[in-house]
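Chemist: Quick one: structure below, then a few questions.
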Amino acid sequence: MAWTWFHRLASPPHVYALATRLTPWFAWPAAALIVAGLYAGLVLAPPDYQQGDGFRIIYVHAPSAWMSLMVYVTMASAAAVGLIWRMKVAHAVAASCAPIGASFTVAALVTGSLWGRPMWGTYWEWDPRLTSELILLFLYLGYMALRSAIDEVQRADRASALLAVVGVVNVPIIHYSVLWWNSLHQAPSVMKLAKPEMPAAMLLPLLMMLAGFTLYFGALLLVRLRGEILRRERSASWIREALTE
Amino acid sequence: MSTSALQAARLILARDLRLALRKRGQVVQPLAFFAIVTTLFPLAISPELARLREIASGVLWVAALLASLLALEFLFRDDAHDGTLEQYALSGQSLTWLIFAKTSAHWLLTGLPLAVMAPLAGLSLGVPYAAVPGIIIPIALGTLVLSLIGAIGAALTLGVRRSGVLLTLLTLPLAMPVLIFGAQATDLAIRGATFAAPLYLLSAMAVLGVTLAPLAASAAVRISLE
């Protein structure tokens, strides 16, 4: 009884309907939070005493970086569920996550290097966090490449799921090795700013953006998931009913 | 069912070694590749030994990484083609042990020879004699981890056409920690410093790889055989 909700998640028509119903519940709050967060962050928050207005890119950069990791973990969890319980829908979730995660990673890298230009004096610095973000992008690309290289859907699902799980075991190792790699080399010559405690006027918009981005990811995932389910189930009879409704 | 998993693994190890000794090309090719790549750097950068010594560790490691990656394609390919791999999966023996044996054989045939040959290339790049252990030990350990990680990638790309580039894309990001600490160990050795710290981390990765990678690789083989 308690597990019926879980078992019902294995049924594509049920999940398709659920995703259709839930999408606005994610999309609208996401839009509201992002608009409010952007206004609070770009207009209301005071300029940083060292970085001036340049720091404001944090309101896009930090949430993107946060999402790039969160999406990977979501993808790997969905992949693990798919591997363990052989749930087709879980594989569809994992497959829908990858392009979103890769986009967030690219956004984090681009905003990071745009910020680096005025602050560090260079677009690219072999900073540990930038580097591990880049490796994360490669992990996403590898996952998508493997998925597209295998024609048979089920095998592509299971093979890429295993890769995602192996990747998630490796992500912390990669992160710390990159961290130690850089600290053992010479210290970055450009000035790095020590992180002071953020005043509430700066922190609050950031939290709003974080929540907004998370909900935005939820909405995107639901939309992509519906597309993925439609593609996978294109020969099923329930699709006709669902689409003519 | 009289053979134990360990016996079966030992038999496969012996078989793979014997096969490789009869078909020497697969053993020699990565070594030749390694030699050629390390020769390219002096030509591209400068014949000055002082400059070459600066980058020697990186050159050796990247070349070793690519050479052992190149060899990974052979790891399962022939056995998958003629159905041997399928028989392993059906044999009732623990596939994890059998894959571990195959991976070990692969390392003995590519990683270890690379580690033995690397100091030669290193000396030609101006590395002092004292640094030779600092080349052999980290590269031997590092290629072991690479073989283990690579086995997962090789198993996942089994049925894929033109899998070479894909295998690279899958394996290299996972292998970066090995490169970081391996190259660091060798670099420290070249500078005459003690290289124990990165070596410990490399050993930790080897332990983790030995315990976990065969599990993932055998699961990948099963997926590819489905």
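By convention here, the chains of the structure tokens are called A, B, ... in the order presented, each chain's residues are numbered starting at 1, and ligands are numbered starting at 1 in the order presented.
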What's the 9 Å shell around Asp187 in chain B, counting only C-alpha atoms, without same-chain residues fewer than 3 positions away, as number ranges by chain?
Modeler: B: 54-58, 131, 134-135, 182-184, 190-193, 195
Chemist: For the helix (DSSP H, G or I) assignment from backbone DSSP, which residues of range 5-129 of chain A qualify? Please present them as a ChimeraX atom specification.
Modeler: /A:5-8,12-44,53-85,88-120,128-129
Chemist: Fewer than 4 positions away in the same chain doesn't count, so skip those; otherwise give me all residues within 9 Å of Val15 in chain A, counting only C-alpha atoms, as a PyMOL selection string.
Modeler: chain A and resi 8-11+19-20+89+225-226+229
Chemist: Within 7 Å of range 157-162 of chain B, counting only C-alpha atoms, which residues qualify if same-chain residues fewer than 5 places away don't, as a short mmCIF file (atom, residue, chain, number, x, y, z; two decimals) with C-alpha atoms, in the first residue's frame?
Modeler:
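Writing the result to part27.cif gives the following:
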data_model
loop_
_atom_site.label_atom_id
_atom_site.label_comp_id
_atom_site.auth_asym_id
_atom_site.auth_seq_id
_atom_site.Cartn_x
_atom_site.Cartn_y
_atom_site.Cartn_z
CA ALA A 149 26.42 5.76 -30.01
CA ILE A 150 24.21 2.81 -29.06
CA ARG B 77 37.34 -6.93 -28.67
CA LEU B 167 36.34 5.22 -25.41
CA SER B 224 26.88 -5.17 -23.66
#
Chemist: So which residues touch Val210 in chain B within 12 Å, counting only C-alpha atoms, skipping near sequence neighbours fewer than 2 positions away, as a PDB file with N, CA and C atoms, in the first residue's frame?
Modeler:
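The file below, around.pdb, is the result:
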ATOM      1  N   THR B  96      33.054 -11.200 -12.382  1.00  0.00           N
ATOM      2  CA  THR B  96      33.926 -10.162 -11.834  1.00  0.00           C
ATOM      3  C   THR B  96      35.373 -10.648 -11.740  1.00  0.00           C
ATOM      4  N   TRP B  97      35.539 -11.885 -11.254  1.00  0.00           N
ATOM      5  CA  TRP B  97      36.893 -12.430 -11.151  1.00  0.00           C
ATOM      6  C   TRP B  97      37.522 -12.608 -12.519  1.00  0.00           C
ATOM      7  N   ILE B  99      36.837 -10.996 -15.272  1.00  0.00           N
ATOM      8  CA  ILE B  99      37.180  -9.702 -15.848  1.00  0.00           C
ATOM      9  C   ILE B  99      38.413  -9.134 -15.164  1.00  0.00           C
ATOM     10  N   PHE B 100      38.499  -9.347 -13.854  1.00  0.00           N
ATOM     11  CA  PHE B 100      39.672  -8.872 -13.134  1.00  0.00           C
ATOM     12  C   PHE B 100      40.931  -9.549 -13.675  1.00  0.00           C
ATOM     13  N   ALA B 101      40.815 -10.849 -13.966  1.00  0.00           N
ATOM     14  CA  ALA B 101      41.966 -11.562 -14.515  1.00  0.00           C
ATOM     15  C   ALA B 101      42.344 -11.001 -15.874  1.00  0.00           C
ATOM     16  N   THR B 103      41.757  -8.008 -16.996  1.00  0.00           N
ATOM     17  CA  THR B 103      42.312  -6.672 -16.827  1.00  0.00           C
ATOM     18  C   THR B 103      43.751  -6.747 -16.329  1.00  0.00           C
ATOM     19  N   SER B 104      44.000  -7.676 -15.400  1.00  0.00           N
ATOM     20  CA  SER B 104      45.371  -7.820 -14.900  1.00  0.00           C
ATOM     21  C   SER B 104      46.308  -8.232 -16.020  1.00  0.00           C
ATOM     22  N   LEU B 141      51.918   1.862 -11.296  1.00  0.00           N
ATOM     23  CA  LEU B 141      50.672   1.955 -10.526  1.00  0.00           C
ATOM     24  C   LEU B 141      49.582   2.665 -11.328  1.00  0.00           C
ATOM     25  N   LEU B 144      48.014   0.679 -13.989  1.00  0.00           N
ATOM     26  CA  LEU B 144      47.111  -0.325 -13.416  1.00  0.00           C
ATOM     27  C   LEU B 144      45.719   0.280 -13.219  1.00  0.00           C
ATOM     28  N   VAL B 145      45.684   1.481 -12.624  1.00  0.00           N
ATOM     29  CA  VAL B 145      44.383   2.131 -12.419  1.00  0.00           C
ATOM     30  C   VAL B 145      43.725   2.424 -13.766  1.00  0.00           C
ATOM     31  N   LEU B 146      44.541   2.850 -14.725  1.00  0.00           N
ATOM     32  CA  LEU B 146      43.982   3.140 -16.044  1.00  0.00           C
ATOM     33  C   LEU B 146      43.374   1.906 -16.678  1.00  0.00           C
ATOM     34  N   SER B 147      44.071   0.774 -16.557  1.00  0.00           N
ATOM     35  CA  SER B 147      43.521  -0.466 -17.120  1.00  0.00           C
ATOM     36  C   SER B 147      42.199  -0.794 -16.463  1.00  0.00           C
ATOM     37  N   LEU B 148      42.140  -0.573 -15.133  1.00  0.00           N
ATOM     38  CA  LEU B 148      40.915  -0.918 -14.407  1.00  0.00           C
ATOM     39  C   LEU B 148      39.758  -0.008 -14.812  1.00  0.00           C
ATOM     40  N   ILE B 149      40.028   1.316 -14.843  1.00  0.00           N
ATOM     41  CA  ILE B 149      38.968   2.245 -15.247  1.00  0.00           C
ATOM     42  C   ILE B 149      38.613   2.009 -16.705  1.00  0.00           C
ATOM     43  N   ALA B 151      38.769  -0.613 -18.406  1.00  0.00           N
ATOM     44  CA  ALA B 151      38.019  -1.845 -18.657  1.00  0.00           C
ATOM     45  C   ALA B 151      36.521  -1.546 -18.647  1.00  0.00           C
ATOM     46  N   SER B 203      48.390   4.967  -4.875  1.00  0.00           N
ATOM     47  CA  SER B 203      48.152   3.607  -4.376  1.00  0.00           C
ATOM     48  C   SER B 203      46.734   3.470  -3.851  1.00  0.00           C
ATOM     49  N   ALA B 204      46.254   4.530  -3.182  1.00  0.00           N
ATOM     50  CA  ALA B 204      44.875   4.481  -2.686  1.00  0.00           C
ATOM     51  C   ALA B 204      43.911   4.294  -3.842  1.00  0.00           C
ATOM     52  N   MET B 205      44.176   5.021  -4.937  1.00  0.00           N
ATOM     53  CA  MET B 205      43.308   4.873  -6.111  1.00  0.00           C
ATOM     54  C   MET B 205      43.406   3.466  -6.674  1.00  0.00           C
ATOM     55  N   ALA B 206      44.624   2.892  -6.653  1.00  0.00           N
ATOM     56  CA  ALA B 206      44.783   1.534  -7.167  1.00  0.00           C
ATOM     57  C   ALA B 206      43.969   0.555  -6.328  1.00  0.00           C
ATOM     58  N   VAL B 207      43.991   0.742  -5.005  1.00  0.00           N
ATOM     59  CA  VAL B 207      43.225  -0.155  -4.128  1.00  0.00           C
ATOM     60  C   VAL B 207      41.733  -0.029  -4.426  1.00  0.00           C
ATOM     61  N   LEU B 208      41.303   1.243  -4.536  1.00  0.00           N
ATOM     62  CA  LEU B 208      39.893   1.487  -4.835  1.00  0.00           C
ATOM     63  C   LEU B 208      39.532   0.877  -6.187  1.00  0.00           C
ATOM     64  N   LEU B 212      36.685  -1.965  -6.772  1.00  0.00           N
ATOM     65  CA  LEU B 212      35.391  -1.577  -7.344  1.00  0.00           C
ATOM     66  C   LEU B 212      35.295  -1.749  -8.858  1.00  0.00           C
ATOM     67  N   ALA B 213      36.386  -1.432  -9.573  1.00  0.00           N
ATOM     68  CA  ALA B 213      36.285  -1.388 -11.029  1.00  0.00           C
ATOM     69  C   ALA B 213      35.863  -2.724 -11.651  1.00  0.00           C
ATOM     70  N   PRO B 214      36.411  -3.882 -11.210  1.00  0.00           N
ATOM     71  CA  PRO B 214      35.970  -5.130 -11.840  1.00  0.00           C
ATOM     72  C   PRO B 214      34.470  -5.376 -11.687  1.00  0.00           C
ATOM     73  N   LEU B 215      33.900  -4.938 -10.564  1.00  0.00           N
ATOM     74  CA  LEU B 215      32.449  -5.084 -10.398  1.00  0.00           C
ATOM     75  C   LEU B 215      31.708  -4.322 -11.488  1.00  0.00           C
ATOM     76  N   ALA B 216      32.116  -3.040 -11.661  1.00  0.00           N
ATOM     77  CA  ALA B 216      31.454  -2.223 -12.675  1.00  0.00           C
ATOM     78  C   ALA B 216      31.721  -2.765 -14.066  1.00  0.00           C
ATOM     79  N   ALA B 217      32.972  -3.201 -14.306  1.00  0.00           N
ATOM     80  CA  ALA B 217      33.312  -3.687 -15.644  1.00  0.00           C
ATOM     81  C   ALA B 217      32.521  -4.953 -15.975  1.00  0.00           C
TER      82      ALA B 217
END
Chemist: Show me which bits of chain A are within 10 Å of chain B, counting only C-alpha atoms, as a tab-separated table (two decimals) with C-alpha atoms, in the first residue's frame.
Modeler:
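Dumped to part.tsv:
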chain	number	residue	atom	x	y	z
A	132	SER	CA	36.72	20.40	-12.08
A	134	LEU	CA	35.36	21.54	-17.04
A	135	ILE	CA	35.92	17.87	-16.25
A	136	LEU	CA	32.27	17.64	-15.21
A	137	LEU	CA	31.34	18.95	-18.65
A	138	PHE	CA	33.45	16.19	-20.20
A	139	LEU	CA	31.61	13.64	-18.06
A	140	TYR	CA	28.28	14.93	-19.37
A	141	LEU	CA	29.57	14.87	-22.94
A	142	GLY	CA	30.84	11.32	-22.52
A	143	TYR	CA	27.48	10.23	-21.14
A	144	MET	CA	25.59	11.78	-24.06
A	145	ALA	CA	28.08	10.42	-26.59
A	146	LEU	CA	27.74	6.89	-25.25
A	149	ALA	CA	26.42	5.76	-30.01
A	150	ILE	CA	24.21	2.81	-29.06
A	151	ASP	CA	21.16	2.41	-31.26
A	154	GLN	CA	17.46	-0.48	-23.70
A	155	ARG	CA	21.16	-1.15	-24.06
A	156	ALA	CA	21.87	2.57	-24.37
A	157	ASP	CA	19.88	3.11	-21.19
A	158	ARG	CA	21.70	0.52	-19.16
A	159	ALA	CA	25.17	1.27	-20.49
A	160	SER	CA	24.87	5.01	-19.93
A	161	ALA	CA	23.30	4.41	-16.52
A	162	LEU	CA	26.33	2.41	-15.45
A	163	LEU	CA	28.59	5.17	-16.73
A	165	VAL	CA	26.96	5.70	-11.57
A	166	VAL	CA	30.70	5.18	-12.10
A	167	GLY	CA	30.99	8.90	-12.76
A	169	VAL	CA	31.65	7.73	-7.54
A	170	ASN	CA	34.48	9.51	-9.31
A	171	VAL	CA	33.25	13.10	-9.03
A	173	ILE	CA	37.80	12.02	-6.26
A	174	ILE	CA	38.22	14.27	-9.27
A	175	HIS	CA	37.18	17.32	-7.27
A	176	TYR	CA	39.68	16.75	-4.49
A	177	SER	CA	42.53	15.74	-6.75
A	178	VAL	CA	42.08	18.91	-8.76
A	180	TRP	CA	45.23	19.36	-4.27
A	181	TRP	CA	46.82	19.54	-7.68
A	182	ASN	CA	46.49	23.28	-7.72
A	184	LEU	CA	50.63	21.92	-4.57
A	185	HIS	CA	51.56	23.92	-7.62
Chemist: Leaving out Gln29 in chain B and any residue of its chain fewer than 3 positions from it, which residues lie within 12 Å of it when counting only C-alpha atoms, given as a PDB file with C-alpha atoms, in the first residue's frame?
Modeler:
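The resulting result_33.pdb:
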ATOM      1  CA  ALA B  20      49.655 -12.128 -26.372  1.00  0.00           C
ATOM      2  CA  LYS B  23      50.563 -12.235 -31.269  1.00  0.00           C
ATOM      3  CA  ARG B  24      53.276  -9.815 -30.299  1.00  0.00           C
ATOM      4  CA  GLY B  25      51.875  -6.901 -32.283  1.00  0.00           C
ATOM      5  CA  GLN B  26      49.417  -5.965 -29.588  1.00  0.00           C
ATOM      6  CA  ALA B  32      56.121   1.970 -30.271  1.00  0.00           C
ATOM      7  CA  PHE B  33      53.368   4.565 -29.970  1.00  0.00           C
ATOM      8  CA  PHE B  34      54.790   5.700 -26.656  1.00  0.00           C
ATOM      9  CA  ALA B  35      58.292   5.974 -28.110  1.00  0.00           C
ATOM     10  CA  ILE B  36      57.092   7.983 -31.095  1.00  0.00           C
ATOM     11  CA  ALA B  67      49.388   4.535 -25.193  1.00  0.00           C
ATOM     12  CA  SER B  68      47.513   2.491 -22.622  1.00  0.00           C
ATOM     13  CA  LEU B  69      44.232   3.981 -23.816  1.00  0.00           C
ATOM     14  CA  LEU B  70      45.097   2.864 -27.331  1.00  0.00           C
ATOM     15  CA  ALA B  71      45.662  -0.646 -26.079  1.00  0.00           C
ATOM     16  CA  LEU B  72      42.315  -0.733 -24.292  1.00  0.00           C
ATOM     17  CA  PHE B  74      42.014  -4.772 -27.690  1.00  0.00           C
ATOM     18  CA  LEU B 109      51.083  -6.727 -21.196  1.00  0.00           C
ATOM     19  CA  THR B 110      50.774  -2.949 -21.672  1.00  0.00           C
ATOM     20  CA  PRO B 113      56.166  -2.756 -20.271  1.00  0.00           C
ATOM     21  CA  LEU B 114      55.344   0.953 -20.562  1.00  0.00           C
TER      22      LEU B 114
END
Chemist: Between CA of Ser96 in chain A and CA of Met70 in chain A, what is the spacing in Å?
Modeler: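 Between CA of Met70 in chain A and CA of Ser96 in chain A the gap is 13.8 Å.
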Chemist: Have a look at B:Leu188, B:Ala118, B:Ile139, B:Ala105 and name the one nearest to Val37 in chain B; count only C-alpha atoms.
Modeler: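 Answer, going by the shortest atom-to-atom distance: B:Ala118.
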Chemist: If you measure from CA of Val110 in chain A to CA of Thr74 in chain A, what distance in Å do you get, rounded to one decimal?
Modeler: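 Separation between CA of Val110 in chain A and CA of Thr74 in chain A: 22.7 Å.
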Chemist: Here is a test: counting only C-alpha atoms, which residue of A:Trp66, A:Ala164, A:Asp127, A:His14 is nearest to Leu83 in chain A?
Modeler: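 Closest to Leu83 in chain A of all the choices is A:Ala164.
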